[in-house]
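All remarks here apply to the structure that follows.
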Amino acid sequence: MNRTDEILAIIIILALVLLPFGVVFVLFPGHTYYVKTGEPLRQAAQNAGLEIVNTTPVQWPFPGATGGNIYVLEDSSGNTLTVQTQTFDSVQSRDAAIQAFSSQTVGKGRPVGTILVHGQELIYIPVDQTGNLMRIATELKKMENSMAGL
Amino acid sequence: MSEETGTDRKTGMSPPKILGVFALAMINVAAVLSIRNYPSMAMFGWSCIGWYIIGTVLFLIPLSLAAAELATMLSDKGGGVYAWCREAFGEKGGFVAIFCEWSNNLVWFPTVLAFIAATLAYAISPVLQTNSLYLFVVMMIAFWGTTTIAYFGENVSTKFQNVGVILGSIIPSVLIIILGVWWFVSGATVVLPPFTLDQIVPTFNLATLPFFATEILLFAGMEMSGFHALETKNPKSDYPKAIAISAIIIFLCTVLATLAIAFVIPANDLSLAAGVMQALQYFFDAANIPWAVAPMAVLITIGGVVSLAAWLIGPAKGLGVVAVEGNLPPVFNRTNKYGSPVAVLLIQAGIGTFISLLYIFLPSVNQAYWILSAITVELLCIVYFTIFAAVIKLRYSKPDAPRPFKIPGGITGIWIIGGMGAFGVMFSFLVGLMPTGEFTAGETVSYVLGILIGTFLLAVPPLIFLKMKKPGWVEKEGGE
C-alpha cells in the first residue's frame, strides 16, 4: 500500500465517521434565541389541554439563570407532570446549560429527563411518565416557529 | 499479536505481564462507575432500585459472566471483544464489534469531556461553565493528556487508573454513602416516602420506554479488562475474580450512593439542567459541610478522567490488534516502543478533537445531542449483542475448548444467561429508536432516520476495509 492509498484510507474513515455528525446537525439545527413574552409553558400546557394545578418559583444555581417556575400539570385522566422553566440572560448561558444537561448522561446513554428550548427559556421535564411531554413539545414548537417568524 | 502465543508479531516478544486481580478490577470500575449517574437516578426515588435491578439482571450479571468465560477461554489472544467475537463469527464479526465499541466512543467523548470541564469549573469558578473557550481548553487538556498516558503503555496507564479510580470514583461514592447513613441515623428528614415494596417497581409505558435502553446499558464497560488479556499475570484465575470484585463494587456503590442522595435531596431540586455538582452542593449544604464541594469537584473530575481513560485505551488497543493482523491499512498499524497503538490513538484524538469543537462552538443543538447519544446506545447494543451471541455460539462450535471459568448450568445455563443479555440489548436497540417526547410527530421520521443512518455509517467501515484488504497490509513494518 503506497502513501496515496494510506491517505485515501484515512479520508474514508474520517468521512464515514464524521458524516453522521454532519447529517444530524443539518437535520436538527440549533434553536433561535429571542426574548420570551409571558409564560410560554403555561400557554403551551393550556393549548395542549393540560391544567396547571400548582406554580412555585425556582432559581437554578447556574450562571446566567434568571429564574423560572415549577409547574405541576394535570391531564384529564388525573396524571400529573412536574415541569421546571428557567430563563437565561444570554444565548451563551442558555447554550451552556443545554451542554451541561447533555453531558449529564446516565452511563453512556442519555440524560434523565428532557430539555425543551423556547427562545431564552429552557423547559426541563425531569421524568415524563404520562406521555404528555409530546403534547407540550408540539405546542411549544408551534409557538417557537411563530416567534422566530418561521 | 500472534493468535496462538500472544506474542507481538513484529517483535516476537510477549508484552510484560503486569496486571493482577486488583488492576483488572479497577479497569472495569473506572469504565463503569460514574458519580454523575447518582443524582440522575435519585430522581426516580425508590423506583431507582427497580431500574438498577433490571440493569443488573438483564445486563450486569450476563455481561460479567460472559466476559469472564470468554476472557479466560481466550486469555492468550489480544484484542478483548475483537478476539472473542472473531473466535465465534470470524474476522468480519470481530471487526464490526470492536469498531462499534471504538466508534461509539467518538460520539461519547465530547459529552464526558464537557462533564469533566464543567465539574472542574465548579471547583474554580462556576461561571466558567458558560465560557466556551475555557470548556474547550480543559476538554482538550483532559483528552490529549489521557491520550498521552495511553501512549506510554500499560504500566503507566495502569498506575494512573488504579490511583484515579480510587480517588475519583470509589472515595467520593463512599463519602456520599457515609453522609447518607449519617443523615438517616441522625434523624434528619428523609425526603423519600416510607418504603413499600410496590414503590421499587418502575413505571413502564411508551413515555418511559426510551429510557429503558439507557438503563440497560448503565453498566456498560464490564468487558473493558478483556482488552488487557496479554498483560495479565494469571488470566485464567484473575479474570473471574476481578470481574466479580468489580461487579460488586459497582453495584453497591451505585445503589447505595443513589439512595443516599435520594434520601436528602427532594426530586424537584435535582434539576439536572443545573448539573451534578449543584445537586451535591445541596447535599453538602444540608449536611453542613459546604466546603466539601470544591474538593469533591476535583475528585469527580479525576473520576471523569479515569473513566475517559478506560474507554479511550481499551477499544483502541483492540483496534490496534485488528491493524496488526492486517485488517486495517498499514497506517493504523503503528505501535510505539511501549506497545501502544499510537496510530489509532492519534486518529482517535484527532477525530475526538474535531467533534468536541462542534460540540462546544456550534449553537445550541439540543436535539442533535439527543440523537448522537441515541447513536451511542445503538452502537453499544450491537457490540453487546455480538458478545452474548459469541458466548453461546462458542459452546457449540468449540465445546471442548478449555474454559477455566464456565457459566454454570451447561447449555441451558448459557442460553439463560446469554439469552437474557441478548434479549436486553436487542430490546434496548429497538426502544432506542423510539423518539422521546421532545420530538414532534413530524420530526419522528428524521429522528429515526438520523439514528439509523448514523449507526450504519459508524458500524460499516470494517466491511469496507475487509473488502479493500491486501496481503501486504499484514507485512507492513511499523514501530517508531
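How things are named: the first chain in the C-alpha cells is A, the next is B, and so on; residues count from 1 in each chain; ligands count from 1 in the order shown.
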Margin query: Neighbouring residues of segment 27-36 of chain B were defined as those with any atom within 8 Å, considering only C-alpha atoms; residues of the same chain fewer than 5 positions away were excluded. Please report them as a ChimeraX atom specification.
Written below: /A:104-107 /B:158,161-162,165,169,172-173,218-225,243,246-247,249-250,253-254,276,300,303-304,306-308,310-311
Write out the residues from the selection above, keeping C-alpha atoms, as a PDB file, in the first residue's frame.
```
ATOM      1  CA  GLN A 104     -25.223  14.533  32.434  1.00  0.00           C
ATOM      2  CA  THR A 105     -25.778  11.188  30.768  1.00  0.00           C
ATOM      3  CA  VAL A 106     -26.565   8.053  32.689  1.00  0.00           C
ATOM      4  CA  GLY A 107     -23.710   5.717  31.844  1.00  0.00           C
TER       5      GLY A 107
ATOM      6  CA  THR B 158      -2.483   1.084  34.930  1.00  0.00           C
ATOM      7  CA  GLN B 161      -6.126   4.204  36.612  1.00  0.00           C
ATOM      8  CA  ASN B 162      -5.513   2.431  39.916  1.00  0.00           C
ATOM      9  CA  VAL B 165     -10.399   5.255  40.219  1.00  0.00           C
ATOM     10  CA  SER B 169     -14.852   7.138  41.863  1.00  0.00           C
ATOM     11  CA  PRO B 172     -16.480  10.057  46.518  1.00  0.00           C
ATOM     12  CA  SER B 173     -19.052   7.251  46.340  1.00  0.00           C
ATOM     13  CA  LEU B 218     -25.884   1.726  32.658  1.00  0.00           C
ATOM     14  CA  PHE B 219     -23.313  -0.945  33.423  1.00  0.00           C
ATOM     15  CA  ALA B 220     -21.655  -0.916  30.006  1.00  0.00           C
ATOM     16  CA  GLY B 221     -17.903  -1.390  30.240  1.00  0.00           C
ATOM     17  CA  MET B 222     -17.669  -4.613  32.257  1.00  0.00           C
ATOM     18  CA  GLU B 223     -15.817  -6.151  29.315  1.00  0.00           C
ATOM     19  CA  MET B 224     -13.107  -3.487  29.394  1.00  0.00           C
ATOM     20  CA  SER B 225     -10.497  -5.548  31.263  1.00  0.00           C
ATOM     21  CA  ILE B 243     -14.924  -9.273  37.274  1.00  0.00           C
ATOM     22  CA  SER B 246     -15.651  -5.005  40.115  1.00  0.00           C
ATOM     23  CA  ALA B 247     -19.315  -6.000  39.673  1.00  0.00           C
ATOM     24  CA  ILE B 249     -18.095  -2.619  43.936  1.00  0.00           C
ATOM     25  CA  ILE B 250     -20.027  -1.042  41.055  1.00  0.00           C
ATOM     26  CA  CYS B 253     -21.581   1.989  45.234  1.00  0.00           C
ATOM     27  CA  THR B 254     -24.190   2.835  42.615  1.00  0.00           C
ATOM     28  CA  VAL B 276     -24.436  17.014  39.290  1.00  0.00           C
ATOM     29  CA  ILE B 300     -15.203  13.817  40.481  1.00  0.00           C
ATOM     30  CA  GLY B 303     -13.192  10.148  38.206  1.00  0.00           C
ATOM     31  CA  GLY B 304     -14.345  11.522  34.850  1.00  0.00           C
ATOM     32  CA  VAL B 306     -10.171   7.817  34.528  1.00  0.00           C
ATOM     33  CA  SER B 307     -13.489   6.810  33.009  1.00  0.00           C
ATOM     34  CA  LEU B 308     -12.432   8.553  29.814  1.00  0.00           C
ATOM     35  CA  ALA B 310     -10.623   3.343  30.376  1.00  0.00           C
ATOM     36  CA  TRP B 311     -12.796   3.812  27.288  1.00  0.00           C
TER      37      TRP B 311
END
```
Could you pull out the helix (DSSP H, G or I) residues of segment 5-216 of chain B, going by DSSP on the backbone, and write them as a short mmCIF file (atom, residue, chain, number, x, y, z; two decimals) with C-alpha atoms, in the first residue's frame?
```cif
data_model
loop_
_atom_site.label_atom_id
_atom_site.label_comp_id
_atom_site.auth_asym_id
_atom_site.auth_seq_id
_atom_site.Cartn_x
_atom_site.Cartn_y
_atom_site.Cartn_z
CA VAL B 21 -6.72 -9.00 40.07
CA PHE B 22 -6.81 -5.53 41.59
CA ALA B 23 -5.64 -3.73 38.46
CA LEU B 24 -8.08 -5.63 36.26
CA ALA B 25 -10.94 -4.90 38.62
CA MET B 26 -10.06 -1.20 38.69
CA ILE B 27 -10.13 -1.04 34.88
CA ASN B 28 -13.76 -2.20 34.93
CA VAL B 29 -14.67 0.07 37.84
CA ALA B 30 -13.12 3.03 36.02
CA ALA B 31 -15.13 2.28 32.90
CA VAL B 32 -18.49 1.73 34.60
CA ASN B 37 -25.32 8.73 37.44
CA TYR B 38 -26.31 9.13 41.07
CA PRO B 39 -28.36 12.36 41.07
CA SER B 40 -29.97 11.39 37.77
CA MET B 41 -31.13 8.07 39.11
CA ALA B 42 -32.05 9.54 42.52
CA SER B 47 -38.02 3.05 41.91
CA CYS B 48 -34.33 3.60 41.13
CA ILE B 49 -33.88 0.23 42.88
CA GLY B 50 -36.19 -1.38 40.34
CA TRP B 51 -34.31 0.21 37.45
CA TYR B 52 -31.00 -0.97 38.90
CA ILE B 53 -32.34 -4.49 39.34
CA ILE B 54 -33.42 -4.55 35.69
CA GLY B 55 -29.99 -3.34 34.60
CA THR B 56 -28.30 -5.90 36.83
CA VAL B 57 -30.38 -8.89 35.81
CA LEU B 58 -30.57 -8.14 32.10
CA PHE B 59 -27.09 -6.77 31.65
CA LEU B 60 -24.59 -6.58 34.52
CA ILE B 61 -24.77 -10.25 35.51
CA PRO B 62 -24.97 -11.67 31.96
CA LEU B 63 -22.15 -9.45 30.70
CA SER B 64 -19.94 -10.17 33.72
CA LEU B 65 -20.38 -13.92 33.33
CA ALA B 66 -19.96 -13.84 29.55
CA ALA B 67 -16.85 -11.69 29.82
CA ALA B 68 -15.37 -13.99 32.47
CA GLU B 69 -15.95 -17.08 30.32
CA LEU B 70 -14.66 -15.53 27.11
CA ALA B 71 -11.69 -13.77 28.70
CA THR B 72 -10.44 -16.93 30.42
CA MET B 73 -11.13 -19.13 27.40
CA VAL B 81 -14.03 -8.04 22.38
CA TYR B 82 -12.39 -8.40 18.96
CA ALA B 83 -10.79 -11.73 19.86
CA TRP B 84 -13.97 -13.05 21.48
CA CYS B 85 -16.26 -12.20 18.59
CA ARG B 86 -13.73 -13.21 15.93
CA GLU B 87 -13.43 -16.62 17.53
CA ALA B 88 -17.17 -17.11 17.15
CA PHE B 89 -18.02 -15.25 13.96
CA GLY B 90 -14.75 -14.78 12.10
CA GLU B 91 -12.91 -11.62 11.24
CA LYS B 92 -15.99 -9.79 9.99
CA GLY B 93 -17.94 -10.28 13.22
CA GLY B 94 -14.97 -9.44 15.42
CA PHE B 95 -14.01 -6.39 13.42
CA VAL B 96 -17.54 -4.95 13.36
CA ALA B 97 -17.91 -5.50 17.12
CA ILE B 98 -14.65 -3.81 18.04
CA PHE B 99 -15.20 -0.99 15.56
CA CYS B 100 -18.63 -0.26 17.06
CA GLU B 101 -17.06 -0.25 20.50
CA TRP B 102 -14.44 2.21 19.24
CA SER B 103 -16.71 4.43 17.14
CA ASN B 104 -19.37 4.85 19.84
CA ASN B 105 -16.65 6.48 21.91
CA LEU B 106 -16.18 9.15 19.28
CA VAL B 107 -19.78 10.20 19.85
CA TRP B 108 -19.46 9.93 23.62
CA PHE B 109 -16.12 11.66 24.13
CA PRO B 110 -17.43 15.26 23.83
CA THR B 111 -20.11 14.65 26.46
CA VAL B 112 -17.75 13.16 29.04
CA LEU B 113 -15.15 15.83 28.27
CA ALA B 114 -17.75 18.57 28.72
CA PHE B 115 -18.72 16.96 32.02
CA ILE B 116 -15.08 16.97 33.16
CA ALA B 117 -14.64 20.64 32.21
CA ALA B 118 -17.92 21.75 33.80
CA THR B 119 -17.19 19.85 37.01
CA LEU B 120 -13.71 21.31 37.31
CA ALA B 121 -15.20 24.77 36.74
CA TYR B 122 -17.24 24.21 39.86
CA ALA B 123 -14.02 23.85 41.86
CA ILE B 124 -12.55 27.02 40.36
CA PRO B 126 -18.84 28.10 38.40
CA VAL B 127 -19.26 30.97 35.97
CA LEU B 128 -16.57 29.33 33.79
CA GLN B 129 -19.20 26.81 32.73
CA THR B 130 -20.56 29.38 30.31
CA SER B 132 -16.75 28.15 25.62
CA LEU B 133 -13.04 28.78 25.41
CA TYR B 134 -12.46 27.54 28.96
CA LEU B 135 -14.55 24.45 28.27
CA PHE B 136 -12.70 23.65 25.08
CA VAL B 137 -9.23 24.16 26.58
CA VAL B 138 -9.95 21.93 29.59
CA MET B 139 -11.59 19.32 27.37
CA MET B 140 -8.51 19.20 25.17
CA ILE B 141 -6.13 19.04 28.14
CA ALA B 142 -8.10 16.08 29.51
CA PHE B 143 -8.38 14.37 26.13
CA TRP B 144 -4.81 14.79 24.93
CA GLY B 145 -3.46 14.24 28.45
CA THR B 146 -5.25 10.91 28.63
CA THR B 147 -4.07 10.04 25.13
CA THR B 148 -0.51 10.81 26.25
CA ILE B 149 -0.91 8.48 29.23
CA ALA B 150 -2.12 5.78 26.85
CA TYR B 151 0.92 6.47 24.67
CA GLY B 153 1.77 2.00 27.63
CA GLU B 154 0.16 -0.36 30.07
CA ASN B 155 2.48 0.25 33.01
CA VAL B 156 1.83 3.99 33.20
CA SER B 157 -1.88 3.82 32.35
CA THR B 158 -2.48 1.08 34.93
CA LYS B 159 -0.88 3.09 37.72
CA PHE B 160 -2.86 6.14 36.65
CA GLN B 161 -6.13 4.20 36.61
CA ASN B 162 -5.51 2.43 39.92
CA VAL B 163 -4.92 5.68 41.76
CA GLY B 164 -7.52 7.64 39.79
CA VAL B 165 -10.40 5.25 40.22
CA ILE B 166 -9.91 5.10 43.98
CA LEU B 167 -9.64 8.88 44.29
CA GLY B 168 -12.22 9.85 41.71
CA SER B 169 -14.85 7.14 41.86
CA ILE B 170 -14.67 4.95 44.95
CA ILE B 171 -13.79 7.56 47.63
CA PRO B 172 -16.48 10.06 46.52
CA SER B 173 -19.05 7.25 46.34
CA VAL B 174 -18.18 6.02 49.82
CA LEU B 175 -18.29 9.58 51.17
CA ILE B 176 -21.78 10.09 49.75
CA ILE B 177 -22.90 6.76 51.23
CA ILE B 178 -21.46 7.64 54.67
CA LEU B 179 -23.22 11.01 54.59
CA GLY B 180 -26.46 9.31 53.63
CA VAL B 181 -26.14 6.87 56.52
CA TRP B 182 -25.29 9.73 58.88
CA TRP B 183 -28.34 11.64 57.62
CA PHE B 184 -30.56 8.66 58.23
CA VAL B 185 -29.14 7.82 61.65
CA LEU B 197 -42.26 -2.86 48.07
CA ASP B 198 -44.50 -1.60 45.29
CA GLN B 199 -42.54 1.65 45.10
CA ILE B 200 -39.48 -0.04 43.66
CA LEU B 209 -39.52 3.03 27.31
CA PRO B 210 -36.79 5.09 25.60
CA PHE B 211 -35.09 5.37 28.99
CA PHE B 212 -35.01 1.58 29.21
CA ALA B 213 -32.19 1.45 26.67
CA THR B 214 -30.09 3.84 28.76
CA GLU B 215 -30.84 1.93 31.93
CA ILE B 216 -29.87 -1.45 30.49
#
```
Next item on the list: Using only C-alpha atoms, determine which residues lie at most 6 Å from segment 61-77 of chain A, disregarding the query and same-chain residues fewer than 2 positions distant; provide the list as a ChimeraX atom specification.
Entry: /A:50-59,79-89,93 /B:127,274
Note to self: Could you list, as a ChimeraX atom specification, every residue within 10 Å of Ile265 of chain B, counting only C-alpha atoms and ignoring same-chain residues fewer than 3 positions away?
What the structure shows: /B:39,42-43,190-192,260-262,268-270,279-280,282-283,286
Convert the current residue selection to file output with C-alpha atoms, as a short mmCIF file (atom, residue, chain, number, x, y, z; two decimals), in the first residue's frame.
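So the final result, stored in result.cif, reads:
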```cif
data_model
loop_
_atom_site.label_atom_id
_atom_site.label_comp_id
_atom_site.auth_asym_id
_atom_site.auth_seq_id
_atom_site.Cartn_x
_atom_site.Cartn_y
_atom_site.Cartn_z
CA PRO B 39 -28.36 12.36 41.07
CA ALA B 42 -32.05 9.54 42.52
CA MET B 43 -34.84 11.45 40.78
CA VAL B 190 -35.74 11.80 54.77
CA VAL B 191 -37.44 13.23 51.70
CA LEU B 192 -38.40 9.86 50.28
CA ALA B 260 -28.17 8.41 49.89
CA ILE B 261 -28.83 11.33 47.55
CA ALA B 262 -32.50 10.42 47.18
CA ASN B 268 -37.54 18.90 42.36
CA ASP B 269 -34.13 20.12 43.49
CA LEU B 270 -32.35 17.51 41.43
CA ALA B 279 -27.04 18.55 43.42
CA LEU B 280 -24.02 17.70 45.53
CA TYR B 282 -27.36 20.89 48.06
CA PHE B 283 -26.29 17.63 49.66
CA ALA B 286 -27.76 20.08 54.05
#
```
Check: Pick from B:Ile453, B:Ile18, B:Ile411, B:Leu345: nearest to chain A, with only C-alpha atoms counted?
Finding: B:Ile453
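Minimum atom-to-atom distance to chain B, evaluated using only C-alpha atoms, belongs to A:Pro29 out of A:Gly38, A:Pro29, A:Gly78, A:Gly49.
Between Thr4 of chain A and the candidates B:Pro329, B:Ala287, B:Leu252, B:Ala267, the tightest atom-to-atom separation, counting only C-alpha atoms, involves B:Pro329.
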Note to self: Just the number, please: distance in Å from atom CA of Leu230 of chain B to atom CA of Pro16 of chain B, one decimal.
What the structure shows: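 Between these atoms lies a distance of 8.1 Å.
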Checklist line | Contact set, chain A to chain B: 6 Å, only C-alpha atoms, as JSON, numbers by chain | finding: {"A": [6, 16, 17, 20, 24, 25, 28, 29, 30, 62, 63, 93, 95, 96, 101, 103, 106, 107, 109, 110, 112, 129, 131, 133, 134, 137, 138]}
Only C-alpha atoms, please: the residues just picked out, written as a CSV table (one decimal), in the first residue's frame.
```
chain,number,residue,atom,x,y,z
A,6,GLU,CA,-2.9,5.3,3.1
A,16,LEU,CA,-17.7,7.7,7.3
A,17,VAL,CA,-17.2,8.6,10.9
A,20,PRO,CA,-23.3,11.1,10.9
A,24,VAL,CA,-27.6,15.1,12.5
A,25,PHE,CA,-26.5,18.7,12.8
A,28,PHE,CA,-31.7,19.3,13.7
A,29,PRO,CA,-30.2,22.8,13.8
A,30,GLY,CA,-30.0,25.0,16.9
A,62,PHE,CA,-26.5,28.1,37.1
A,63,PRO,CA,-24.6,31.1,35.8
A,93,SER,CA,-25.6,31.0,29.3
A,95,ASP,CA,-26.5,27.1,25.5
A,96,ALA,CA,-24.0,26.3,28.3
A,101,PHE,CA,-27.6,18.9,30.6
A,103,SER,CA,-23.3,15.9,29.5
A,106,VAL,CA,-26.6,8.1,32.7
A,107,GLY,CA,-23.7,5.7,31.8
A,109,GLY,CA,-26.7,6.7,27.4
A,110,ARG,CA,-28.9,9.7,27.7
A,112,VAL,CA,-32.7,11.6,32.6
A,129,GLN,CA,-44.3,9.0,32.9
A,131,GLY,CA,-46.8,10.8,27.7
A,133,LEU,CA,-44.4,15.7,27.0
A,134,MET,CA,-45.0,15.3,23.3
A,137,ALA,CA,-43.4,19.9,22.8
A,138,THR,CA,-45.7,20.2,19.8
```
Item checked: One-decimal distance in Å that lies between atom CA of Thr335 of chain B and atom CA of Val322 of chain B -> 12.3 Å
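Atom CA of Asp238 of chain B lies 27.8 Å from atom CA of Val342 of chain B.
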